[in-house]
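Take a look at the structure below.
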Amino acid sequence: MNLFFHILDPMFRWPLLTGVIFAALLPVLGMYLRLRQEWLAALAFAQVAAAGSLGGAIVGVPPQVGALACTCTAAAFKGWLAKTGNNGYALLMITGWAAAILMLANVPIAEHLGHALFDGQLYFTGVTHLAFGAAFLLVVAAVLPWLSRKLLLERMFPDFFRASGLSAWKFHLIFDLLVAAGLALATASIGVMGAFGLVFVPSMIAYRIGPNWRGALWVATGISLLAYVAAFALAFAVDQPFGPVLVLVLAALAAFGYLAQLMPRWRAPASL
């Protein structure tokens with residue numbers, strides 16, 4: 001009970017709400033990435049966002065602005081990267097990682113932010129992070145319902161999509177920019193691996209157990225919010241960085257999901 005009151009303390013209210021926004025949105029974007037078999041792009045964007053955040057801090061702009069600039073630029077070239085398969089995403093990922101590490105090693109002012117980005121120190125976020133997250137929530141709520149129909153139609157019925165005269169690259173670009181912006185802002189709040197984990201793990205589980213597309217979206221969101229709340233409380237209780245705790249909770253849920261699928265299904269007896 002004492003832990004519960006500490007978490008609801010005004011000092012932790014903004015971090016809690018900020019994380020809830022990304023825990024609700026990232027798995028939804030992850031479902032579409034998994035549908036298009038492009039989930040590795042999420043990790044590449046997260047690494048680029050970390051480098052962009054550090055670069056922004058070094059030149060004196062908010063980290064979120066630097067992360068958005070770098071990830072949206074990467075998203076603009078994602079169509080070309082997609083032609084090389086996962087190789088392009090992997091190269092983008094290791095390039096972002098190398099740039100971030102070099103900035104950490106050579107610019108002392110970036111060290112504190114670097115720890116937050118790679119450790120996922122959600123508890124130190126403030127009103128600015130929440131404001132960016134709320135703005136992104138409004139954009140997704142306005143754009144994704146319209147965009148979802150186009151993405152599903154293009155994936156499920158490509159011949160009909162082309163016959164309708166629709167332009168796939170335009171819808172792909174809009175979606176890629178949404179993903180890039182979401183990961184840029186989430187990385188600045190919950191860290192590189194925490195953001196990627198919320199994209200990857202809930203969608204992986206929901207994609208296997210969801211009853212249909214809409215149901216799978218709800219399953220992914222529910223798993224993500226459950227993992228987030230558990231990790232928020234657990235990291236606070238044991239005084240550990242939030243990002244690694246979140247990833248471990250997500251990994252435990254994924255392992256439980258796999259074990260549950262291996263167990264024989266329960267069947268009602270034929271007679272009582």
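Note on naming: chains are A, B, ... as they come in the structure tokens, residues start from 1 per chain, ligands start from 1 in the order shown.
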
Practice task
Please provide the set of residues having any atom within 8 Å of region 46-58 of chain A, restricted to only C-alpha atoms, with same-chain residues fewer than 5 positions apart removed, written as a PyMOL selection string.
Solution key: chain A and resi 63-71+74+92-97+99-100+103-104+107+109-110+113-114+117+183-184+187-188+192-193+195-196

File of the preceding selection, N, CA and C atoms, as an mmCIF file, in the first residue's frame:
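Contents of selection.cif, as written:
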data_model
loop_
_atom_site.group_PDB
_atom_site.id
_atom_site.type_symbol
_atom_site.label_atom_id
_atom_site.label_comp_id
_atom_site.auth_asym_id
_atom_site.auth_seq_id
_atom_site.Cartn_x
_atom_site.Cartn_y
_atom_site.Cartn_z
ATOM 1 N N PRO A 63 16.021 17.415 -26.782
ATOM 2 C CA PRO A 63 16.340 16.085 -27.314
ATOM 3 C C PRO A 63 15.247 15.520 -28.212
ATOM 4 N N GLN A 64 13.985 15.822 -27.876
ATOM 5 C CA GLN A 64 12.893 15.302 -28.691
ATOM 6 C C GLN A 64 12.952 15.854 -30.115
ATOM 7 N N VAL A 65 13.370 17.117 -30.251
ATOM 8 C CA VAL A 65 13.462 17.721 -31.576
ATOM 9 C C VAL A 65 14.561 17.051 -32.393
ATOM 10 N N GLY A 66 15.714 16.831 -31.759
ATOM 11 C CA GLY A 66 16.798 16.144 -32.450
ATOM 12 C C GLY A 66 16.417 14.735 -32.853
ATOM 13 N N ALA A 67 15.732 14.017 -31.960
ATOM 14 C CA ALA A 67 15.316 12.649 -32.268
ATOM 15 C C ALA A 67 14.304 12.628 -33.400
ATOM 16 N N LEU A 68 13.348 13.552 -33.380
ATOM 17 C CA LEU A 68 12.353 13.609 -34.444
ATOM 18 C C LEU A 68 12.997 13.913 -35.790
ATOM 19 N N ALA A 69 13.942 14.850 -35.806
ATOM 20 C CA ALA A 69 14.594 15.219 -37.060
ATOM 21 C C ALA A 69 15.327 14.025 -37.668
ATOM 22 N N CYS A 70 16.056 13.286 -36.834
ATOM 23 C CA CYS A 70 16.843 12.159 -37.352
ATOM 24 C C CYS A 70 15.967 10.984 -37.773
ATOM 25 N N THR A 71 14.981 10.630 -36.950
ATOM 26 C CA THR A 71 14.161 9.467 -37.284
ATOM 27 C C THR A 71 13.256 9.742 -38.477
ATOM 28 N N ALA A 74 15.324 9.395 -41.509
ATOM 29 C CA ALA A 74 15.515 7.974 -41.799
ATOM 30 C C ALA A 74 14.253 7.363 -42.398
ATOM 31 N N LEU A 92 21.366 0.664 -40.624
ATOM 32 C CA LEU A 92 20.881 1.887 -39.991
ATOM 33 C C LEU A 92 20.987 1.781 -38.472
ATOM 34 N N MET A 93 20.694 0.619 -37.934
ATOM 35 C CA MET A 93 20.733 0.401 -36.490
ATOM 36 C C MET A 93 22.152 0.537 -35.944
ATOM 37 N N ILE A 94 23.110 -0.136 -36.571
ATOM 38 C CA ILE A 94 24.471 -0.090 -36.035
ATOM 39 C C ILE A 94 25.108 1.277 -36.258
ATOM 40 N N THR A 95 24.690 1.988 -37.325
ATOM 41 C CA THR A 95 25.198 3.344 -37.544
ATOM 42 C C THR A 95 24.701 4.288 -36.454
ATOM 43 N N GLY A 96 23.413 4.188 -36.107
ATOM 44 C CA GLY A 96 22.874 5.012 -35.033
ATOM 45 C C GLY A 96 23.534 4.714 -33.706
ATOM 46 N N TRP A 97 23.757 3.424 -33.442
ATOM 47 C CA TRP A 97 24.432 3.039 -32.191
ATOM 48 C C TRP A 97 25.844 3.618 -32.141
ATOM 49 N N ALA A 99 27.112 6.229 -33.716
ATOM 50 C CA ALA A 99 27.088 7.686 -33.571
ATOM 51 C C ALA A 99 26.783 8.082 -32.133
ATOM 52 N N ALA A 100 25.838 7.377 -31.494
ATOM 53 C CA ALA A 100 25.491 7.696 -30.112
ATOM 54 C C ALA A 100 26.662 7.439 -29.171
ATOM 55 N N MET A 103 29.371 10.123 -29.512
ATOM 56 C CA MET A 103 28.993 11.384 -28.862
ATOM 57 C C MET A 103 29.123 11.267 -27.349
ATOM 58 N N LEU A 104 28.743 10.126 -26.792
ATOM 59 C CA LEU A 104 28.886 9.923 -25.349
ATOM 60 C C LEU A 104 30.346 9.947 -24.923
ATOM 61 N N VAL A 107 31.704 13.986 -25.786
ATOM 62 C CA VAL A 107 31.008 15.201 -25.358
ATOM 63 C C VAL A 107 30.458 14.970 -23.955
ATOM 64 N N ILE A 109 28.735 16.694 -21.948
ATOM 65 C CA ILE A 109 27.387 17.178 -21.671
ATOM 66 C C ILE A 109 26.331 16.140 -22.035
ATOM 67 N N ALA A 110 26.684 15.196 -22.906
ATOM 68 C CA ALA A 110 25.721 14.193 -23.355
ATOM 69 C C ALA A 110 25.662 12.976 -22.444
ATOM 70 N N LEU A 113 22.283 12.449 -20.369
ATOM 71 C CA LEU A 113 21.188 12.079 -21.264
ATOM 72 C C LEU A 113 21.401 10.689 -21.836
ATOM 73 N N GLY A 114 22.645 10.344 -22.111
ATOM 74 C CA GLY A 114 22.935 9.019 -22.648
ATOM 75 C C GLY A 114 22.512 7.908 -21.700
ATOM 76 N N LEU A 117 18.817 7.542 -21.916
ATOM 77 C CA LEU A 117 18.365 6.920 -23.164
ATOM 78 C C LEU A 117 18.580 5.412 -23.163
ATOM 79 N N LEU A 183 8.672 6.349 -32.041
ATOM 80 C CA LEU A 183 9.881 5.789 -31.442
ATOM 81 C C LEU A 183 10.841 6.886 -31.008
ATOM 82 N N ALA A 184 10.883 7.993 -31.736
ATOM 83 C CA ALA A 184 11.739 9.103 -31.324
ATOM 84 C C ALA A 184 11.307 9.639 -29.961
ATOM 85 N N THR A 187 11.663 6.840 -27.146
ATOM 86 C CA THR A 187 13.055 6.598 -26.765
ATOM 87 C C THR A 187 13.545 7.658 -25.792
ATOM 88 N N ALA A 188 13.117 8.900 -26.002
ATOM 89 C CA ALA A 188 13.516 9.982 -25.102
ATOM 90 C C ALA A 188 12.899 9.826 -23.715
ATOM 91 N N VAL A 192 15.895 3.191 -25.347
ATOM 92 C CA VAL A 192 15.948 2.519 -26.645
ATOM 93 C C VAL A 192 15.270 1.163 -26.591
ATOM 94 N N MET A 193 15.720 0.302 -25.701
ATOM 95 C CA MET A 193 15.199 -1.059 -25.663
ATOM 96 C C MET A 193 13.798 -1.127 -25.067
ATOM 97 N N ALA A 195 11.443 1.142 -25.570
ATOM 98 C CA ALA A 195 10.562 1.515 -26.676
ATOM 99 C C ALA A 195 10.437 0.375 -27.676
ATOM 100 N N PHE A 196 11.572 -0.217 -28.039
ATOM 101 C CA PHE A 196 11.527 -1.327 -28.989
ATOM 102 C C PHE A 196 10.769 -2.512 -28.407
#

Once you count only C-alpha atoms, what closest atom pair and distance in Å to one decimal does each residue of region 21-121 of chain A within 10 Å of region 223-240 of chain A have, with rows by chain and rising residue number, as a Markdown table?
| residue | atom | partner | partner_atom | distance |
| --- | --- | --- | --- | --- |
| A:Ile21 | CA | A:Leu225 | CA | 9.3 |
| A:Phe22 | CA | A:Leu225 | CA | 9.2 |
| A:Ala23 | CA | A:Leu225 | CA | 5.5 |
| A:Ala24 | CA | A:Leu225 | CA | 6.4 |
| A:Leu25 | CA | A:Ser224 | CA | 9.2 |
| A:Leu26 | CA | A:Ser224 | CA | 8.5 |
| A:Pro27 | CA | A:Ser224 | CA | 6.7 |
| A:Val28 | CA | A:Ser224 | CA | 9.7 |
| A:Asp119 | CA | A:Gln240 | CA | 9.4 |
| A:Gln121 | CA | A:Gln240 | CA | 9.1 |

Save the residues we just selected, N, CA and C atoms, as a PDB file, in the first residue's frame?
ATOM      1  N   ILE A  21       0.858   6.571 -22.290  1.00  0.00           N
ATOM      2  CA  ILE A  21       0.602   6.952 -23.684  1.00  0.00           C
ATOM      3  C   ILE A  21       1.377   6.056 -24.636  1.00  0.00           C
ATOM      4  N   PHE A  22       2.674   5.894 -24.375  1.00  0.00           N
ATOM      5  CA  PHE A  22       3.489   5.096 -25.291  1.00  0.00           C
ATOM      6  C   PHE A  22       3.195   3.607 -25.157  1.00  0.00           C
ATOM      7  N   ALA A  23       2.845   3.158 -23.954  1.00  0.00           N
ATOM      8  CA  ALA A  23       2.489   1.746 -23.775  1.00  0.00           C
ATOM      9  C   ALA A  23       1.211   1.399 -24.522  1.00  0.00           C
ATOM     10  N   ALA A  24       0.335   2.386 -24.726  1.00  0.00           N
ATOM     11  CA  ALA A  24      -0.900   2.151 -25.461  1.00  0.00           C
ATOM     12  C   ALA A  24      -0.706   2.249 -26.974  1.00  0.00           C
ATOM     13  N   LEU A  25       0.198   3.122 -27.422  1.00  0.00           N
ATOM     14  CA  LEU A  25       0.335   3.382 -28.857  1.00  0.00           C
ATOM     15  C   LEU A  25       1.361   2.491 -29.547  1.00  0.00           C
ATOM     16  N   LEU A  26       2.495   2.242 -28.917  1.00  0.00           N
ATOM     17  CA  LEU A  26       3.576   1.528 -29.596  1.00  0.00           C
ATOM     18  C   LEU A  26       3.189   0.114 -30.023  1.00  0.00           C
ATOM     19  N   PRO A  27       2.470  -0.673 -29.192  1.00  0.00           N
ATOM     20  CA  PRO A  27       2.108  -2.014 -29.672  1.00  0.00           C
ATOM     21  C   PRO A  27       1.159  -1.995 -30.860  1.00  0.00           C
ATOM     22  N   VAL A  28       0.336  -0.968 -30.965  1.00  0.00           N
ATOM     23  CA  VAL A  28      -0.549  -0.844 -32.135  1.00  0.00           C
ATOM     24  C   VAL A  28       0.279  -0.627 -33.395  1.00  0.00           C
ATOM     25  N   ASP A 119      19.339   3.500 -20.341  1.00  0.00           N
ATOM     26  CA  ASP A 119      18.809   2.847 -19.148  1.00  0.00           C
ATOM     27  C   ASP A 119      17.288   2.935 -19.069  1.00  0.00           C
ATOM     28  N   GLN A 121      15.350   5.822 -18.044  1.00  0.00           N
ATOM     29  CA  GLN A 121      15.028   6.445 -16.765  1.00  0.00           C
ATOM     30  C   GLN A 121      13.736   7.255 -16.870  1.00  0.00           C
TER      31      GLN A 121
END

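CA of Gly88 (chain A) sits 25.1 Å away from CA of Ser148 (chain A).
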
Practice task
Could you tell me which of A:Leu16, A:Met156, A:Leu43, A:Leu35 comes closest to Ala180 (chain A) if we count only C-alpha atoms?
Solution key: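 Closest to Ala180 (chain A) of all the choices is A:Leu43.
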
Show which residues sit within 9 Å of Phe136 (chain A), as a compact mmCIF listing (two decimals) with N, CA and C atoms, in the first residue's frame. Count only C-alpha atoms, and ignore same-chain residues fewer than 5 positions away.
# COMPACT_ATOMS: atom_id res chain seq x y z
N ILE A 21 0.86 6.57 -22.29
CA ILE A 21 0.60 6.95 -23.68
C ILE A 21 1.38 6.06 -24.64
N ALA A 131 3.90 16.41 -22.80
CA ALA A 131 3.30 17.24 -23.84
C ALA A 131 3.58 16.68 -25.24
N ALA A 141 -4.47 9.34 -33.24
CA ALA A 141 -5.92 9.19 -33.19
C ALA A 141 -6.58 9.79 -34.42
N LEU A 178 4.89 8.10 -38.87
CA LEU A 178 4.24 7.89 -37.57
C LEU A 178 5.11 7.02 -36.67
N ALA A 181 8.24 8.95 -35.55
CA ALA A 181 7.94 9.95 -34.53
C ALA A 181 7.64 9.29 -33.19
N GLY A 182 6.87 8.20 -33.22
CA GLY A 182 6.56 7.51 -31.98
C GLY A 182 7.78 6.96 -31.28
N LEU A 185 10.02 9.86 -29.79
CA LEU A 185 9.52 10.42 -28.53
C LEU A 185 9.56 9.39 -27.41

Practice task
Go ahead and compute the interatomic distance for CA of Leu17 (chain A) and CA of Leu130 (chain A), in Å to one decimal.
Solution key: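 Taking CA of Leu17 (chain A) as the start and CA of Leu130 (chain A) as the end point, the length is 7.1 Å.
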
Problem - Long-range neighbours of Ala252 (chain A) as a list of chain:residue names, 12 Å cut-off, only C-alpha atoms, 2 positions minimum in chain - result: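 The residues satisfying every condition are A:Gly197, A:Val201, A:Pro202, A:Ile205, A:Ile223, A:Ala227, A:Ala230, A:Ala231, A:Val245, A:Leu246, A:Val247, A:Leu248, A:Val249, A:Leu250, A:Ala254, A:Ala255, A:Phe256, A:Gly257, A:Tyr258, A:Leu259.
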
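Note that the spacing between CA of Phe118 (chain A) and CA of Leu173 (chain A) amounts to 27.6 Å.
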